[in-house]
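Have a look at the structure below before the remarks.
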Amino acid sequence: MGGAGMNVVWAATALETGWFSGLERHSNVQDLEAHIKALGTGLGQGYLEIRRPDGDLPYLALGFKGDHAVLHLFDNSGGVSLRVGDDSAAPSAEVEVLIMDEQYAFTADVALSMDHAWDIVHDFIQTGTPGELSDWYEL
């Protein structure tokens, strides 16, 4: 895989309280992954903001509940986009995920499986780019 030693800056739902903590942590990817897994196991949901240590933007925001996730991209120009979904939810379905401390419903066209969302986050941490522009809906 590579990138094991890569550092990342993140803020996430706190395991202890279930509330989003805006306190940024600097850690390696493994620690971040462990936190997300613990949220999934413990609370079944969570919210995460992730950036690279070299700048405040761009950053990704991952909201998830169960196996459904929604990814927002906050880009260098101050724009916000939603990641195009991966057909993990039925087309007519709505998925609810945690954003900060609120449940929000999203249409299936922006729903991702948790594994897929995590792959995108990994790529972003390693490359600093969030994939192709066509992978995102600008809001």
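Quick note on naming: the chains in the structure tokens go A, B, ... in the order shown, residues restart at 1 in each chain, and ligands are numbered from 1 in order of appearance.
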Non-local contacts of segment 88-90 of chain A (7 Å; only C-alpha atoms; under 5 positions in same chain excluded) as a VMD selection string: chain A and resid 108 111 to 113
Name all residues at most 8 Å from Ile120 of chain A (count only C-alpha atoms; drop same-chain ones fewer than 4 positions away) and give them as JSON, numbers by chain. {"A": [116, 124, 130, 131]}
List as a PyMOL selection string the protein and nucleic acid residues near segment 5-10 of chain A, meaning an atom at most 8 Å away when only C-alpha atoms are counted, but skip any in the same chain fewer than 5 places from it. chain A and resi 24-29+32+48-53+125-126
What gap, in Å, lies between atom CA of Ala12 of chain A and atom CA of Tyr104 of chain A?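 Atom-to-atom, atom CA of Ala12 of chain A to atom CA of Tyr104 of chain A, that is 16.7 Å.
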According to DSSP computed on the backbone, where in chain A is there strand (DSSP E)? Give the residues as a CSV table (one decimal) with N, CA and C atoms, in the first residue's frame.
```csv
chain,number,residue,atom,x,y,z
A,7,ASN,N,1.4,11.5,7.5
A,7,ASN,CA,0.6,12.1,8.6
A,7,ASN,C,-0.6,12.8,8.0
A,8,VAL,N,-1.5,13.0,8.8
A,8,VAL,CA,-2.8,13.6,8.4
A,8,VAL,C,-3.3,14.4,9.6
A,9,VAL,N,-4.0,15.5,9.2
A,9,VAL,CA,-4.6,16.4,10.3
A,9,VAL,C,-6.1,16.2,10.2
A,10,TRP,N,-6.7,15.9,11.3
A,10,TRP,CA,-8.2,15.6,11.3
A,10,TRP,C,-8.9,16.0,12.6
A,11,ALA,N,-10.2,16.1,12.5
A,11,ALA,CA,-11.0,16.4,13.6
A,11,ALA,C,-12.3,15.5,13.4
A,12,ALA,N,-12.8,14.9,14.5
A,12,ALA,CA,-13.8,13.9,14.3
A,12,ALA,C,-14.8,13.8,15.5
A,13,THR,N,-15.8,13.1,15.3
A,13,THR,CA,-16.7,12.8,16.4
A,13,THR,C,-15.9,12.1,17.5
A,20,PHE,N,-19.2,15.9,17.8
A,20,PHE,CA,-18.1,16.3,17.0
A,20,PHE,C,-17.1,17.2,17.8
A,21,SER,N,-15.8,16.9,17.8
A,21,SER,CA,-14.8,17.7,18.4
A,21,SER,C,-14.0,18.4,17.4
A,22,GLY,N,-14.1,19.7,17.4
A,22,GLY,CA,-13.3,20.5,16.4
A,22,GLY,C,-11.8,20.6,16.6
A,23,LEU,N,-11.4,19.9,17.7
A,23,LEU,CA,-10.0,19.9,18.0
A,23,LEU,C,-9.2,19.1,17.0
A,24,GLU,N,-8.3,19.7,16.3
A,24,GLU,CA,-7.6,19.0,15.3
A,24,GLU,C,-6.5,18.1,15.9
A,25,ARG,N,-6.3,16.9,15.4
A,25,ARG,CA,-5.3,16.0,15.8
A,25,ARG,C,-4.3,15.8,14.6
A,26,HIS,N,-3.0,15.7,14.9
A,26,HIS,CA,-2.1,15.3,13.9
A,26,HIS,C,-1.7,13.8,14.3
A,27,SER,N,-1.9,12.9,13.3
A,27,SER,CA,-1.5,11.5,13.6
A,27,SER,C,-1.2,10.9,12.2
A,28,ASN,N,-0.8,9.6,12.3
A,28,ASN,CA,-0.6,8.9,11.1
A,28,ASN,C,-2.0,8.3,10.7
A,45,GLN,N,-21.9,5.4,13.8
A,45,GLN,CA,-21.9,6.6,12.9
A,45,GLN,C,-20.8,7.6,13.3
A,46,GLY,N,-20.5,8.5,12.5
A,46,GLY,CA,-19.5,9.5,12.8
A,46,GLY,C,-19.3,10.6,11.8
A,47,TYR,N,-18.5,11.6,12.1
A,47,TYR,CA,-18.3,12.7,11.2
A,47,TYR,C,-16.8,13.0,11.3
A,48,LEU,N,-16.2,13.3,10.2
A,48,LEU,CA,-14.7,13.5,10.2
A,48,LEU,C,-14.3,14.6,9.2
A,49,GLU,N,-13.4,15.4,9.6
A,49,GLU,CA,-12.8,16.4,8.6
A,49,GLU,C,-11.3,16.0,8.5
A,50,ILE,N,-10.8,15.9,7.3
A,50,ILE,CA,-9.5,15.5,7.1
A,50,ILE,C,-8.7,16.4,6.1
A,51,ARG,N,-7.5,16.8,6.5
A,51,ARG,CA,-6.7,17.6,5.5
A,51,ARG,C,-5.3,17.1,5.7
A,59,TYR,N,-9.9,20.2,2.0
A,59,TYR,CA,-10.1,19.2,2.9
A,59,TYR,C,-11.4,18.4,2.6
A,60,LEU,N,-11.4,17.2,3.1
A,60,LEU,CA,-12.6,16.4,2.9
A,60,LEU,C,-13.4,16.3,4.2
A,61,ALA,N,-14.7,16.2,4.1
A,61,ALA,CA,-15.5,15.9,5.3
A,61,ALA,C,-16.3,14.6,5.0
A,62,LEU,N,-16.2,13.7,5.9
A,62,LEU,CA,-16.8,12.4,5.7
A,62,LEU,C,-17.9,12.2,6.8
A,63,GLY,N,-19.1,12.0,6.4
A,63,GLY,CA,-20.2,11.7,7.3
A,63,GLY,C,-20.6,10.3,7.0
A,64,PHE,N,-20.8,9.5,8.1
A,64,PHE,CA,-21.3,8.1,7.8
A,64,PHE,C,-22.2,7.6,8.9
A,65,LYS,N,-23.0,6.6,8.5
A,65,LYS,CA,-23.9,5.9,9.4
A,65,LYS,C,-24.0,4.5,8.9
A,68,HIS,N,-23.1,3.4,5.1
A,68,HIS,CA,-23.3,4.5,4.1
A,68,HIS,C,-22.5,5.7,4.5
A,69,ALA,N,-21.9,6.4,3.5
A,69,ALA,CA,-21.1,7.5,3.7
A,69,ALA,C,-21.4,8.6,2.7
A,70,VAL,N,-21.1,9.8,3.0
A,70,VAL,CA,-21.2,10.9,2.1
A,70,VAL,C,-20.0,11.8,2.3
A,71,LEU,N,-19.3,12.1,1.2
A,71,LEU,CA,-18.1,12.9,1.2
A,71,LEU,C,-18.3,14.3,0.6
A,72,HIS,N,-17.9,15.3,1.4
A,72,HIS,CA,-17.9,16.7,0.9
A,72,HIS,C,-16.4,17.1,0.7
A,73,LEU,N,-16.2,17.8,-0.4
A,73,LEU,CA,-14.9,18.4,-0.7
A,73,LEU,C,-14.9,19.9,-0.5
A,74,PHE,N,-14.1,20.5,0.3
A,74,PHE,CA,-13.9,21.9,0.4
A,74,PHE,C,-12.6,22.3,-0.3
A,80,VAL,N,-17.6,24.1,-2.5
A,80,VAL,CA,-17.9,22.8,-1.9
A,80,VAL,C,-18.6,21.9,-2.9
A,81,SER,N,-18.1,20.6,-2.9
A,81,SER,CA,-18.7,19.6,-3.8
A,81,SER,C,-19.0,18.4,-3.1
A,82,LEU,N,-19.9,17.6,-3.6
A,82,LEU,CA,-20.3,16.3,-3.1
A,82,LEU,C,-19.8,15.2,-4.0
A,83,ARG,N,-19.2,14.2,-3.4
A,83,ARG,CA,-18.8,13.1,-4.2
A,83,ARG,C,-19.9,12.3,-4.9
A,94,GLU,N,-33.0,7.2,0.3
A,94,GLU,CA,-32.3,8.3,0.9
A,94,GLU,C,-31.4,7.7,2.0
A,95,VAL,N,-30.2,8.2,2.2
A,95,VAL,CA,-29.4,7.7,3.2
A,95,VAL,C,-29.2,8.8,4.2
A,96,GLU,N,-29.2,8.5,5.5
A,96,GLU,CA,-29.0,9.5,6.6
A,96,GLU,C,-27.6,9.3,7.1
A,97,VAL,N,-26.8,10.4,7.1
A,97,VAL,CA,-25.5,10.3,7.7
A,97,VAL,C,-25.3,11.5,8.7
A,98,LEU,N,-24.3,11.4,9.5
A,98,LEU,CA,-24.0,12.4,10.5
A,98,LEU,C,-23.2,13.5,9.9
A,99,ILE,N,-23.6,14.7,9.9
A,99,ILE,CA,-22.8,15.9,9.5
A,99,ILE,C,-22.7,16.8,10.8
A,102,GLU,N,-25.6,16.6,13.4
A,102,GLU,CA,-27.0,16.4,13.0
A,102,GLU,C,-27.1,15.3,12.0
A,103,GLN,N,-28.2,14.6,11.9
A,103,GLN,CA,-28.5,13.7,10.9
A,103,GLN,C,-29.0,14.4,9.7
A,104,TYR,N,-28.4,14.1,8.5
A,104,TYR,CA,-28.9,14.7,7.3
A,104,TYR,C,-29.3,13.6,6.3
A,105,ALA,N,-30.3,13.8,5.6
A,105,ALA,CA,-30.7,12.8,4.5
A,105,ALA,C,-30.1,13.3,3.2
A,106,PHE,N,-29.5,12.3,2.5
A,106,PHE,CA,-29.0,12.6,1.2
A,106,PHE,C,-29.6,11.6,0.2
A,107,THR,N,-29.7,12.0,-1.1
A,107,THR,CA,-30.2,11.1,-2.1
A,107,THR,C,-29.1,10.1,-2.5
A,112,LEU,N,-22.1,6.7,-0.8
A,112,LEU,CA,-21.0,5.8,-1.0
A,112,LEU,C,-21.0,4.7,0.0
A,113,SER,N,-20.4,3.6,-0.4
A,113,SER,CA,-20.2,2.6,0.7
A,113,SER,C,-19.0,3.1,1.5
A,136,TRP,N,-17.2,14.6,-8.8
A,136,TRP,CA,-17.8,15.5,-7.8
A,136,TRP,C,-18.9,16.4,-8.4
A,137,TYR,N,-19.9,16.5,-7.6
A,137,TYR,CA,-21.0,17.5,-7.9
A,137,TYR,C,-20.7,18.8,-7.2
A,138,GLU,N,-20.6,19.9,-8.0
A,138,GLU,CA,-20.3,21.2,-7.3
A,138,GLU,C,-21.6,21.7,-6.7
```
Env of Thr41 of chain A: 12 Å cut, atoms = only C-alpha atoms, seq-sep filter 6 positions within chain, self excluded. Answer as a ChimeraX atom specification. /A:15,34-35,65-67
Residues from last step as file, C-alpha atoms, as a PDB file, in the first residue's frame:
```
ATOM      1  CA  LEU A  15     -15.807   8.383  20.963  1.00  0.00           C
ATOM      2  CA  ALA A  34      -8.499   3.088  14.161  1.00  0.00           C
ATOM      3  CA  HIS A  35     -10.619   6.034  15.314  1.00  0.00           C
ATOM      4  CA  LYS A  65     -23.870   5.937   9.428  1.00  0.00           C
ATOM      5  CA  GLY A  66     -23.721   2.164   9.200  1.00  0.00           C
ATOM      6  CA  ASP A  67     -22.199   1.315   5.838  1.00  0.00           C
TER       7      ASP A  67
END
```
Can you list, as a VMD selection string, every residue of chain A that DSSP puts in helix (DSSP H, G or I)? chain A and resid 29 to 42 108 to 110 114 to 127 133 to 135
Per-residue nearest contacts segment 14-57 of chain A to segment 75-78 of chain A, cut-off 12 Å, using only C-alpha atoms, as CSV:
```
residue,atom,partner,partner_atom,distance
A:Arg51,CA,A:Asp75,CA,10.8
A:Gly55,CA,A:Asn76,CA,9.5
A:Asp56,CA,A:Asn76,CA,8.7
A:Leu57,CA,A:Asn76,CA,5.3
```
Just write the chosen residues, all heavy atoms, as a PDB file, in the first residue's frame.
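File written: part_32.pdb
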```pdb
ATOM      1  N   ARG A  51      -7.520  16.799   6.472  1.00  0.00           N
ATOM      2  CA  ARG A  51      -6.691  17.555   5.535  1.00  0.00           C
ATOM      3  C   ARG A  51      -5.259  17.074   5.658  1.00  0.00           C
ATOM      4  O   ARG A  51      -4.893  16.358   6.590  1.00  0.00           O
ATOM      5  CB  ARG A  51      -6.793  19.055   5.806  1.00  0.00           C
ATOM      6  CG  ARG A  51      -6.227  19.492   7.137  1.00  0.00           C
ATOM      7  CD  ARG A  51      -6.327  20.998   7.300  1.00  0.00           C
ATOM      8  NE  ARG A  51      -5.869  21.442   8.600  1.00  0.00           N
ATOM      9  CZ  ARG A  51      -4.595  21.692   8.914  1.00  0.00           C
ATOM     10  NH1 ARG A  51      -3.630  21.512   8.028  1.00  0.00           N
ATOM     11  NH2 ARG A  51      -4.260  22.103  10.130  1.00  0.00           N
ATOM     12  N   GLY A  55      -1.559  22.246   4.332  1.00  0.00           N
ATOM     13  CA  GLY A  55      -2.450  23.377   4.069  1.00  0.00           C
ATOM     14  C   GLY A  55      -3.844  23.144   4.612  1.00  0.00           C
ATOM     15  O   GLY A  55      -4.266  22.006   4.796  1.00  0.00           O
ATOM     16  N   ASP A  56      -4.571  24.234   4.861  1.00  0.00           N
ATOM     17  CA  ASP A  56      -5.928  24.128   5.389  1.00  0.00           C
ATOM     18  C   ASP A  56      -6.910  23.634   4.334  1.00  0.00           C
ATOM     19  O   ASP A  56      -7.928  23.031   4.647  1.00  0.00           O
ATOM     20  CB  ASP A  56      -6.402  25.486   5.914  1.00  0.00           C
ATOM     21  CG  ASP A  56      -5.683  25.863   7.209  1.00  0.00           C
ATOM     22  OD1 ASP A  56      -5.079  24.967   7.831  1.00  0.00           O
ATOM     23  OD2 ASP A  56      -5.721  27.038   7.577  1.00  0.00           O
ATOM     24  N   LEU A  57      -6.634  23.951   3.075  1.00  0.00           N
ATOM     25  CA  LEU A  57      -7.489  23.526   1.971  1.00  0.00           C
ATOM     26  C   LEU A  57      -6.629  22.804   0.945  1.00  0.00           C
ATOM     27  O   LEU A  57      -5.446  23.115   0.822  1.00  0.00           O
ATOM     28  CB  LEU A  57      -8.161  24.744   1.313  1.00  0.00           C
ATOM     29  CG  LEU A  57      -9.232  25.451   2.144  1.00  0.00           C
ATOM     30  CD1 LEU A  57      -9.603  26.788   1.512  1.00  0.00           C
ATOM     31  CD2 LEU A  57     -10.476  24.582   2.286  1.00  0.00           C
TER      32      LEU A  57
END
```
Mind giving me the straight-line distance from atom CA of Met114 of chain A to atom CA of Asp101 of chain A in Å, one decimal?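 Taking atom CA of Met114 of chain A as the start and atom CA of Asp101 of chain A as the end point, the length is 18.6 Å.
Each of A:Asp54, A:Glu16, A:Glu33, A:Asp115 was compared to Asp86 of chain A using only C-alpha atoms, and A:Asp115 turns out to be the nearest.
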